[in-house]
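Printed here is data.txt (compact mmCIF, N, CA and C atoms):
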# COMPACT_ATOMS: atom_id res chain seq x y z
N MET O 18 0.86 -1.18 0.00
CA MET O 18 0.00 0.00 0.00
C MET O 18 0.91 1.23 0.00
N SER O 19 0.61 2.14 -0.88
CA SER O 19 1.46 3.33 -0.99
C SER O 19 1.18 4.29 0.15
N LEU O 20 2.13 5.15 0.39
CA LEU O 20 2.01 6.14 1.46
C LEU O 20 0.81 7.06 1.22
N LEU O 21 0.60 7.45 -0.02
CA LEU O 21 -0.51 8.35 -0.36
C LEU O 21 -1.86 7.67 -0.11
N THR O 22 -1.97 6.40 -0.49
CA THR O 22 -3.23 5.68 -0.27
C THR O 22 -3.50 5.52 1.22
N GLU O 23 -2.47 5.19 1.96
CA GLU O 23 -2.61 5.03 3.40
C GLU O 23 -3.02 6.34 4.07
N PHE O 24 -2.41 7.44 3.63
CA PHE O 24 -2.77 8.75 4.19
C PHE O 24 -4.21 9.09 3.83
N ARG O 25 -4.64 8.80 2.62
CA ARG O 25 -6.01 9.10 2.19
C ARG O 25 -7.01 8.34 3.07
N GLU O 26 -6.72 7.06 3.37
CA GLU O 26 -7.60 6.28 4.24
C GLU O 26 -7.66 6.90 5.63
N PHE O 27 -6.51 7.31 6.15
CA PHE O 27 -6.45 7.93 7.47
C PHE O 27 -7.26 9.22 7.50
N ALA O 28 -7.07 10.07 6.51
CA ALA O 28 -7.74 11.37 6.50
C ALA O 28 -9.23 11.24 6.24
N ALA O 29 -9.66 10.18 5.58
CA ALA O 29 -11.07 10.02 5.26
C ALA O 29 -11.88 9.42 6.41
N ARG O 30 -11.21 8.93 7.43
CA ARG O 30 -11.94 8.38 8.57
C ARG O 30 -12.80 9.46 9.20
N GLY O 31 -13.93 9.05 9.73
CA GLY O 31 -14.87 10.00 10.32
C GLY O 31 -14.30 10.76 11.49
N ASN O 32 -13.51 10.11 12.34
CA ASN O 32 -12.99 10.78 13.52
C ASN O 32 -12.07 11.92 13.17
N VAL O 33 -11.24 11.74 12.15
CA VAL O 33 -10.30 12.79 11.76
C VAL O 33 -11.07 13.99 11.21
N VAL O 34 -12.06 13.73 10.39
CA VAL O 34 -12.86 14.82 9.82
C VAL O 34 -13.64 15.54 10.92
N ASP O 35 -14.23 14.78 11.84
CA ASP O 35 -14.96 15.39 12.96
C ASP O 35 -14.03 16.24 13.82
N LEU O 36 -12.81 15.74 14.05
CA LEU O 36 -11.85 16.49 14.84
C LEU O 36 -11.47 17.79 14.13
N ALA O 37 -11.27 17.73 12.82
CA ALA O 37 -10.92 18.94 12.06
C ALA O 37 -12.05 19.97 12.14
N VAL O 38 -13.28 19.51 12.00
CA VAL O 38 -14.42 20.42 12.09
C VAL O 38 -14.49 21.03 13.48
N GLY O 39 -14.25 20.22 14.51
CA GLY O 39 -14.28 20.73 15.88
C GLY O 39 -13.20 21.78 16.13
N VAL O 40 -12.01 21.55 15.60
CA VAL O 40 -10.92 22.51 15.78
C VAL O 40 -11.25 23.83 15.09
N ILE O 41 -11.78 23.75 13.87
CA ILE O 41 -12.12 24.97 13.12
C ILE O 41 -13.22 25.74 13.84
N ILE O 42 -14.26 25.05 14.28
CA ILE O 42 -15.36 25.73 14.98
C ILE O 42 -14.86 26.28 16.32
N GLY O 43 -13.99 25.52 17.00
CA GLY O 43 -13.43 25.99 18.27
C GLY O 43 -12.61 27.26 18.10
N ALA O 44 -11.82 27.31 17.04
CA ALA O 44 -11.01 28.52 16.79
C ALA O 44 -11.92 29.71 16.51
N SER O 45 -12.95 29.50 15.73
CA SER O 45 -13.88 30.59 15.45
C SER O 45 -14.61 31.02 16.72
N PHE O 46 -15.01 30.05 17.55
CA PHE O 46 -15.68 30.38 18.80
C PHE O 46 -14.74 31.16 19.70
N GLY O 47 -13.46 30.80 19.71
CA GLY O 47 -12.48 31.54 20.50
C GLY O 47 -12.38 32.99 20.08
N LYS O 48 -12.42 33.24 18.77
CA LYS O 48 -12.37 34.62 18.28
C LYS O 48 -13.62 35.39 18.70
N ILE O 49 -14.75 34.71 18.66
CA ILE O 49 -16.01 35.35 19.07
C ILE O 49 -15.94 35.72 20.55
N VAL O 50 -15.45 34.81 21.38
CA VAL O 50 -15.35 35.08 22.82
C VAL O 50 -14.36 36.21 23.08
N THR O 51 -13.23 36.20 22.37
CA THR O 51 -12.26 37.28 22.53
C THR O 51 -12.89 38.63 22.20
N SER O 52 -13.62 38.68 21.11
CA SER O 52 -14.29 39.92 20.73
C SER O 52 -15.33 40.31 21.77
N LEU O 53 -16.08 39.33 22.25
CA LEU O 53 -17.11 39.61 23.27
C LEU O 53 -16.48 40.22 24.52
N VAL O 54 -15.39 39.62 24.98
CA VAL O 54 -14.76 40.11 26.20
C VAL O 54 -14.13 41.48 25.98
N ASP O 55 -13.31 41.60 24.91
CA ASP O 55 -12.56 42.83 24.68
C ASP O 55 -13.45 44.02 24.31
N GLN O 56 -14.52 43.77 23.56
CA GLN O 56 -15.29 44.88 23.02
C GLN O 56 -16.68 45.05 23.62
N VAL O 57 -17.16 44.06 24.37
CA VAL O 57 -18.51 44.18 24.94
C VAL O 57 -18.48 44.13 26.47
N VAL O 58 -17.77 43.16 27.03
CA VAL O 58 -17.81 42.98 28.48
C VAL O 58 -16.89 43.96 29.21
N MET O 59 -15.64 44.08 28.78
CA MET O 59 -14.66 44.87 29.52
C MET O 59 -14.88 46.39 29.45
N PRO O 60 -15.34 46.98 28.34
CA PRO O 60 -15.54 48.43 28.35
C PRO O 60 -16.52 48.92 29.44
N PRO O 61 -17.69 48.28 29.62
CA PRO O 61 -18.55 48.75 30.71
C PRO O 61 -17.93 48.54 32.09
N ILE O 62 -17.21 47.43 32.27
CA ILE O 62 -16.55 47.20 33.56
C ILE O 62 -15.49 48.27 33.80
N GLY O 63 -14.72 48.57 32.76
CA GLY O 63 -13.71 49.63 32.88
C GLY O 63 -14.33 50.98 33.16
N LEU O 64 -15.49 51.26 32.56
CA LEU O 64 -16.19 52.52 32.80
C LEU O 64 -16.67 52.61 34.24
N LEU O 65 -17.20 51.49 34.75
CA LEU O 65 -17.66 51.47 36.15
C LEU O 65 -16.51 51.64 37.13
N LEU O 66 -15.32 51.20 36.74
CA LEU O 66 -14.16 51.29 37.63
C LEU O 66 -13.35 52.56 37.40
N GLY O 67 -13.94 53.54 36.75
CA GLY O 67 -13.25 54.82 36.58
C GLY O 67 -12.56 54.97 35.24
N LYS O 68 -13.22 54.56 34.18
CA LYS O 68 -12.70 54.70 32.81
C LYS O 68 -11.33 54.04 32.65
N VAL O 69 -11.24 52.79 33.11
CA VAL O 69 -10.00 52.02 33.02
C VAL O 69 -10.07 51.14 31.77
N ASP O 70 -9.01 51.16 30.97
CA ASP O 70 -8.89 50.27 29.82
C ASP O 70 -8.05 49.08 30.26
N PHE O 71 -8.70 47.94 30.49
CA PHE O 71 -8.01 46.78 31.03
C PHE O 71 -6.89 46.29 30.12
N SER O 72 -7.05 46.44 28.82
CA SER O 72 -6.02 45.93 27.92
C SER O 72 -4.71 46.70 28.05
N LYS O 73 -4.74 47.88 28.65
CA LYS O 73 -3.53 48.69 28.79
C LYS O 73 -2.98 48.70 30.22
N LEU O 74 -3.60 47.95 31.13
CA LEU O 74 -3.10 47.90 32.51
C LEU O 74 -1.81 47.08 32.55
N GLU O 75 -0.79 47.63 33.15
CA GLU O 75 0.49 46.93 33.23
C GLU O 75 1.34 47.49 34.36
N TRP O 76 2.25 46.67 34.85
CA TRP O 76 3.27 47.10 35.80
C TRP O 76 4.57 47.20 35.03
N VAL O 77 5.11 48.39 34.96
CA VAL O 77 6.34 48.61 34.21
C VAL O 77 7.52 48.28 35.11
N LEU O 78 8.32 47.32 34.68
CA LEU O 78 9.51 46.93 35.44
C LEU O 78 10.72 47.73 35.00
N VAL O 79 10.86 47.89 33.66
CA VAL O 79 11.94 48.70 33.11
C VAL O 79 11.31 49.65 32.11
N PRO O 80 11.34 50.96 32.38
CA PRO O 80 10.72 51.89 31.44
C PRO O 80 11.50 51.96 30.13
N GLU O 81 10.76 52.34 29.10
CA GLU O 81 11.36 52.47 27.78
C GLU O 81 12.27 53.70 27.75
N ASP O 82 13.43 53.53 27.18
CA ASP O 82 14.37 54.65 27.04
C ASP O 82 14.23 55.17 25.61
N ARG O 83 13.60 56.32 25.46
CA ARG O 83 13.34 56.87 24.13
C ARG O 83 14.62 57.38 23.46
N ALA O 84 15.66 57.60 24.25
CA ALA O 84 16.91 58.11 23.68
C ALA O 84 17.62 57.03 22.87
N THR O 85 17.50 55.78 23.29
CA THR O 85 18.15 54.71 22.55
C THR O 85 17.14 53.59 22.33
N GLU O 86 17.32 52.85 21.28
CA GLU O 86 16.41 51.75 20.98
C GLU O 86 16.86 50.47 21.67
N ALA O 87 17.98 50.51 22.35
CA ALA O 87 18.53 49.31 22.97
C ALA O 87 17.70 48.88 24.18
N VAL O 88 17.09 49.80 24.88
CA VAL O 88 16.33 49.47 26.08
C VAL O 88 14.84 49.57 25.75
N GLU O 89 14.21 48.40 25.67
CA GLU O 89 12.76 48.36 25.44
C GLU O 89 12.06 48.24 26.77
N LYS O 90 10.83 48.67 26.79
CA LYS O 90 10.04 48.60 28.02
C LYS O 90 9.79 47.14 28.38
N VAL O 91 9.95 46.85 29.65
CA VAL O 91 9.63 45.52 30.18
C VAL O 91 8.49 45.73 31.17
N ALA O 92 7.36 45.03 30.90
CA ALA O 92 6.19 45.25 31.74
C ALA O 92 5.41 43.96 31.92
N ILE O 93 4.76 43.85 33.05
CA ILE O 93 3.82 42.75 33.31
C ILE O 93 2.44 43.28 32.95
N GLN O 94 1.85 42.70 31.93
CA GLN O 94 0.56 43.20 31.43
C GLN O 94 -0.57 42.41 32.09
N TYR O 95 -0.89 42.81 33.30
CA TYR O 95 -1.92 42.09 34.04
C TYR O 95 -3.32 42.37 33.52
N GLY O 96 -3.53 43.47 32.82
CA GLY O 96 -4.85 43.75 32.23
C GLY O 96 -5.19 42.75 31.14
N ALA O 97 -4.22 42.44 30.29
CA ALA O 97 -4.43 41.42 29.25
C ALA O 97 -4.67 40.06 29.89
N PHE O 98 -3.99 39.79 31.00
CA PHE O 98 -4.20 38.53 31.71
C PHE O 98 -5.63 38.45 32.26
N ILE O 99 -6.14 39.55 32.81
CA ILE O 99 -7.53 39.58 33.31
C ILE O 99 -8.50 39.30 32.17
N ASN O 100 -8.27 39.92 31.00
CA ASN O 100 -9.12 39.66 29.83
C ASN O 100 -9.08 38.17 29.47
N THR O 101 -7.90 37.58 29.47
CA THR O 101 -7.76 36.17 29.11
C THR O 101 -8.46 35.26 30.11
N VAL O 102 -8.38 35.59 31.39
CA VAL O 102 -9.07 34.80 32.41
C VAL O 102 -10.58 34.88 32.20
N ILE O 103 -11.11 36.05 31.89
CA ILE O 103 -12.54 36.19 31.65
C ILE O 103 -12.94 35.41 30.40
N GLN O 104 -12.12 35.45 29.36
CA GLN O 104 -12.39 34.66 28.16
C GLN O 104 -12.46 33.17 28.50
N PHE O 105 -11.49 32.71 29.30
CA PHE O 105 -11.48 31.31 29.70
C PHE O 105 -12.75 30.95 30.47
N LEU O 106 -13.17 31.80 31.39
CA LEU O 106 -14.36 31.51 32.17
C LEU O 106 -15.60 31.42 31.29
N ILE O 107 -15.69 32.28 30.29
CA ILE O 107 -16.83 32.23 29.38
C ILE O 107 -16.80 30.93 28.58
N VAL O 108 -15.65 30.57 28.02
CA VAL O 108 -15.54 29.33 27.25
C VAL O 108 -15.83 28.13 28.13
N ALA O 109 -15.28 28.10 29.34
CA ALA O 109 -15.51 26.98 30.25
C ALA O 109 -16.99 26.86 30.60
N PHE O 110 -17.67 27.99 30.81
CA PHE O 110 -19.09 27.96 31.13
C PHE O 110 -19.91 27.43 29.96
N VAL O 111 -19.58 27.85 28.75
CA VAL O 111 -20.31 27.37 27.56
C VAL O 111 -20.08 25.87 27.38
N VAL O 112 -18.84 25.42 27.55
CA VAL O 112 -18.55 23.98 27.42
C VAL O 112 -19.31 23.21 28.51
N PHE O 113 -19.35 23.75 29.73
CA PHE O 113 -20.11 23.11 30.81
C PHE O 113 -21.58 22.98 30.43
N LEU O 114 -22.16 24.04 29.87
CA LEU O 114 -23.57 23.98 29.47
C LEU O 114 -23.80 22.94 28.38
N MET O 115 -22.86 22.85 27.44
CA MET O 115 -22.99 21.85 26.37
C MET O 115 -22.91 20.44 26.93
N VAL O 116 -21.95 20.17 27.80
CA VAL O 116 -21.81 18.84 28.39
C VAL O 116 -23.03 18.51 29.24
N ARG O 117 -23.53 19.50 29.95
CA ARG O 117 -24.72 19.29 30.78
C ARG O 117 -25.92 18.91 29.91
N MET O 118 -26.08 19.60 28.78
CA MET O 118 -27.19 19.31 27.87
C MET O 118 -27.04 17.90 27.27
N ILE O 119 -25.83 17.54 26.87
CA ILE O 119 -25.61 16.21 26.30
C ILE O 119 -25.89 15.13 27.35
N ASN O 120 -25.43 15.33 28.57
CA ASN O 120 -25.70 14.36 29.63
C ASN O 120 -27.18 14.23 29.91
N LYS O 121 -27.91 15.34 29.87
CA LYS O 121 -29.36 15.31 30.09
C LYS O 121 -30.05 14.51 28.99
N LEU O 122 -29.63 14.73 27.73
CA LEU O 122 -30.21 13.97 26.63
C LEU O 122 -29.91 12.48 26.76
N ARG O 123 -28.70 12.14 27.18
CA ARG O 123 -28.33 10.73 27.36
C ARG O 123 -29.17 10.09 28.47
N ARG O 124 -29.38 10.81 29.57
CA ARG O 124 -30.20 10.27 30.66
C ARG O 124 -31.63 10.05 30.21
N GLU O 125 -32.16 10.97 29.41
CA GLU O 125 -33.53 10.81 28.91
C GLU O 125 -33.64 9.61 27.98
N GLN O 126 -32.62 9.39 27.15
CA GLN O 126 -32.65 8.24 26.25
C GLN O 126 -32.55 6.94 27.03
N GLU O 127 -31.72 6.92 28.08
CA GLU O 127 -31.58 5.72 28.88
C GLU O 127 -32.85 5.44 29.68
N ALA O 128 -33.53 6.49 30.13
CA ALA O 128 -34.73 6.32 30.95
C ALA O 128 -35.94 5.91 30.12
N ALA O 129 -35.96 6.27 28.85
CA ALA O 129 -37.12 5.94 28.01
C ALA O 129 -37.16 4.43 27.78
N PRO O 130 -38.27 3.79 28.16
CA PRO O 130 -38.36 2.34 27.94
C PRO O 130 -38.54 2.05 26.45
N GLU O 131 -37.91 0.97 26.04
CA GLU O 131 -38.03 0.59 24.65
C GLU O 131 -39.38 -0.08 24.44
N ALA O 132 -40.01 0.21 23.32
CA ALA O 132 -41.29 -0.41 22.99
C ALA O 132 -41.03 -1.89 22.68
N PRO O 133 -41.95 -2.75 23.13
CA PRO O 133 -41.73 -4.16 22.83
C PRO O 133 -41.75 -4.38 21.32
N ALA O 134 -40.90 -5.28 20.89
CA ALA O 134 -40.80 -5.56 19.47
C ALA O 134 -42.07 -6.24 18.99
N ALA O 135 -42.48 -5.91 17.80
CA ALA O 135 -43.67 -6.53 17.21
C ALA O 135 -43.35 -8.01 16.96
N PRO O 136 -44.35 -8.86 17.15
CA PRO O 136 -44.08 -10.29 16.94
C PRO O 136 -43.77 -10.56 15.47
N THR O 137 -42.91 -11.53 15.27
CA THR O 137 -42.58 -11.92 13.90
C THR O 137 -43.80 -12.63 13.30
N PRO O 138 -43.85 -12.76 11.99
CA PRO O 138 -45.01 -13.46 11.38
C PRO O 138 -45.18 -14.88 11.93
N THR O 139 -44.10 -15.55 12.21
CA THR O 139 -44.18 -16.91 12.75
C THR O 139 -44.81 -16.88 14.14
N GLU O 140 -44.38 -15.93 14.97
CA GLU O 140 -44.94 -15.82 16.32
C GLU O 140 -46.42 -15.46 16.26
N ALA O 141 -46.80 -14.57 15.33
CA ALA O 141 -48.20 -14.20 15.19
C ALA O 141 -49.05 -15.41 14.79
N LEU O 142 -48.53 -16.21 13.86
CA LEU O 142 -49.25 -17.40 13.42
C LEU O 142 -49.39 -18.40 14.56
N LEU O 143 -48.32 -18.59 15.33
CA LEU O 143 -48.39 -19.50 16.47
C LEU O 143 -49.38 -19.00 17.52
N ALA O 144 -49.43 -17.68 17.73
CA ALA O 144 -50.39 -17.13 18.69
C ALA O 144 -51.82 -17.37 18.21
N GLU O 145 -52.08 -17.25 16.91
CA GLU O 145 -53.43 -17.53 16.38
C GLU O 145 -53.79 -18.99 16.57
N ILE O 146 -52.83 -19.87 16.31
CA ILE O 146 -53.08 -21.30 16.49
C ILE O 146 -53.39 -21.60 17.95
N ARG O 147 -52.60 -21.00 18.87
CA ARG O 147 -52.82 -21.20 20.30
C ARG O 147 -54.21 -20.72 20.69
N ASP O 148 -54.59 -19.53 20.23
CA ASP O 148 -55.90 -18.98 20.57
C ASP O 148 -57.02 -19.86 20.01
N GLU O 149 -56.84 -20.39 18.80
CA GLU O 149 -57.84 -21.26 18.18
C GLU O 149 -57.98 -22.56 18.97
N LEU O 150 -56.84 -23.11 19.42
CA LEU O 150 -56.89 -24.34 20.21
C LEU O 150 -57.57 -24.09 21.55
N LYS O 151 -57.35 -22.93 22.16
CA LYS O 151 -58.01 -22.61 23.43
C LYS O 151 -59.50 -22.45 23.23
N ALA O 152 -59.89 -21.87 22.10
CA ALA O 152 -61.32 -21.67 21.82
C ALA O 152 -62.04 -22.99 21.60
N ARG O 153 -61.39 -23.98 21.04
CA ARG O 153 -62.00 -25.28 20.78
C ARG O 153 -62.14 -26.11 22.06
N SER O 154 -61.31 -25.86 23.05
CA SER O 154 -61.36 -26.70 24.26
C SER O 154 -62.53 -26.38 25.13
Using C-alpha cells, write down the structure from this file.
Amino acid sequence: MSLLTEFREFAARGNVVDLAVGVIIGASFGKIVTSLVDQVVMPPIGLLLGKVDFSKLEWVLVPEDRATEAVEKVAIQYGAFINTVIQFLIVAFVVFLMVRMINKLRREQEAAPEAPAAPTPTEALLAEIRDELKARS
C-alpha cells in the first residue's frame, strides 16, 4: 500500500474529519469570545471602575528609554491577563452547558423504555393457532 493511499484512508476516517471540524469551529468560537470580552464585556466594567482600559493595565519593570532603541520597556501586562481569564471563564461555562445538555439527553434516552418488538409473522401465526386451540377446548 502506498504512502498516499494510506494517508487518504487515514484522512477520510470519520474521527479525523470530525476532529478537524471541531478545531475549526473551536477557533472561530475563541475569536467570538475574545471579541465579546474585549469589546462588549470589559468596556462597561472599565467605565464602572473609573474609565479604566483593562487591555492597557500593566506594571512597568523597566521603562522604555526613548533616547536609545537598545532598552525596550519591560512590563507585566496584568490587564491582558484579566481579559484572558474572563475569556477562559466564558468558554468553560459554555462547554459546561454543552456537556450538561448532552448528559441530560443521554439520561432521557436511557430512561425511556423501549417499545416491545412486534411479533414476527411466525410468532403471530403461532399465537393464532394457540388462541384457536383454546377456543376449541
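For the choices O:Val77, O:Ala29, O:Val34, O:Ala128, the atom-to-atom distance to Glu89 (chain O) is smallest for O:Val77 when using only C-alpha atoms.
Atom pair CA of Leu114 (chain O) / CA of Phe71 (chain O) has a distance of 27.6 Å (rounded to one decimal).
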Who sits within 10 Å of Ala97 (chain O), only C-alpha atoms, same chain under 6 positions skipped, as an NGL selection string: :O and (55 or 70-75 or 103)
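For the pair atom C of Val108 (chain O) and CA of Phe46 (chain O), the interatomic distance is 9.6 Å.
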Using all atoms of region 108-122 of chain O that appear in the file, construct an axis-aligned enclosing box with 6 Å of padding on every side and provide its centre coordinates and edge lengths in Å, rounded to one decimal, as JSON.
{"center_x": -22.7, "center_y": 21.5, "center_z": 28.7, "size_x": 26.9, "size_y": 30.1, "size_z": 16.8}
When DSSP works through the backbone of this structure, what residues of chain O end up as strand (DSSP E), shown as a PyMOL selection string? chain O and resi 76-79+91-93
What gap, in Å, lies between CA of Asp35 (chain O) and CA of Glu125 (chain O)? 24.9 Å
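Comparing O:Trp76, O:Ile119, O:Ile146, O:Glu81 by their smallest distance to Tyr95 (chain O), the closest is O:Trp76 (using all atoms listed in the file).
Distances from O:Pro136, O:Gly63, O:Pro80, O:Pro130 to Ile99 (chain O) were compared using only C-alpha atoms, and the smallest one belongs to O:Gly63.
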As a ChimeraX atom specification, which residues of chain O does DSSP assign to alpha helix (DSSP H)? /O:20-29,31-53,59-65,95-128,138-153
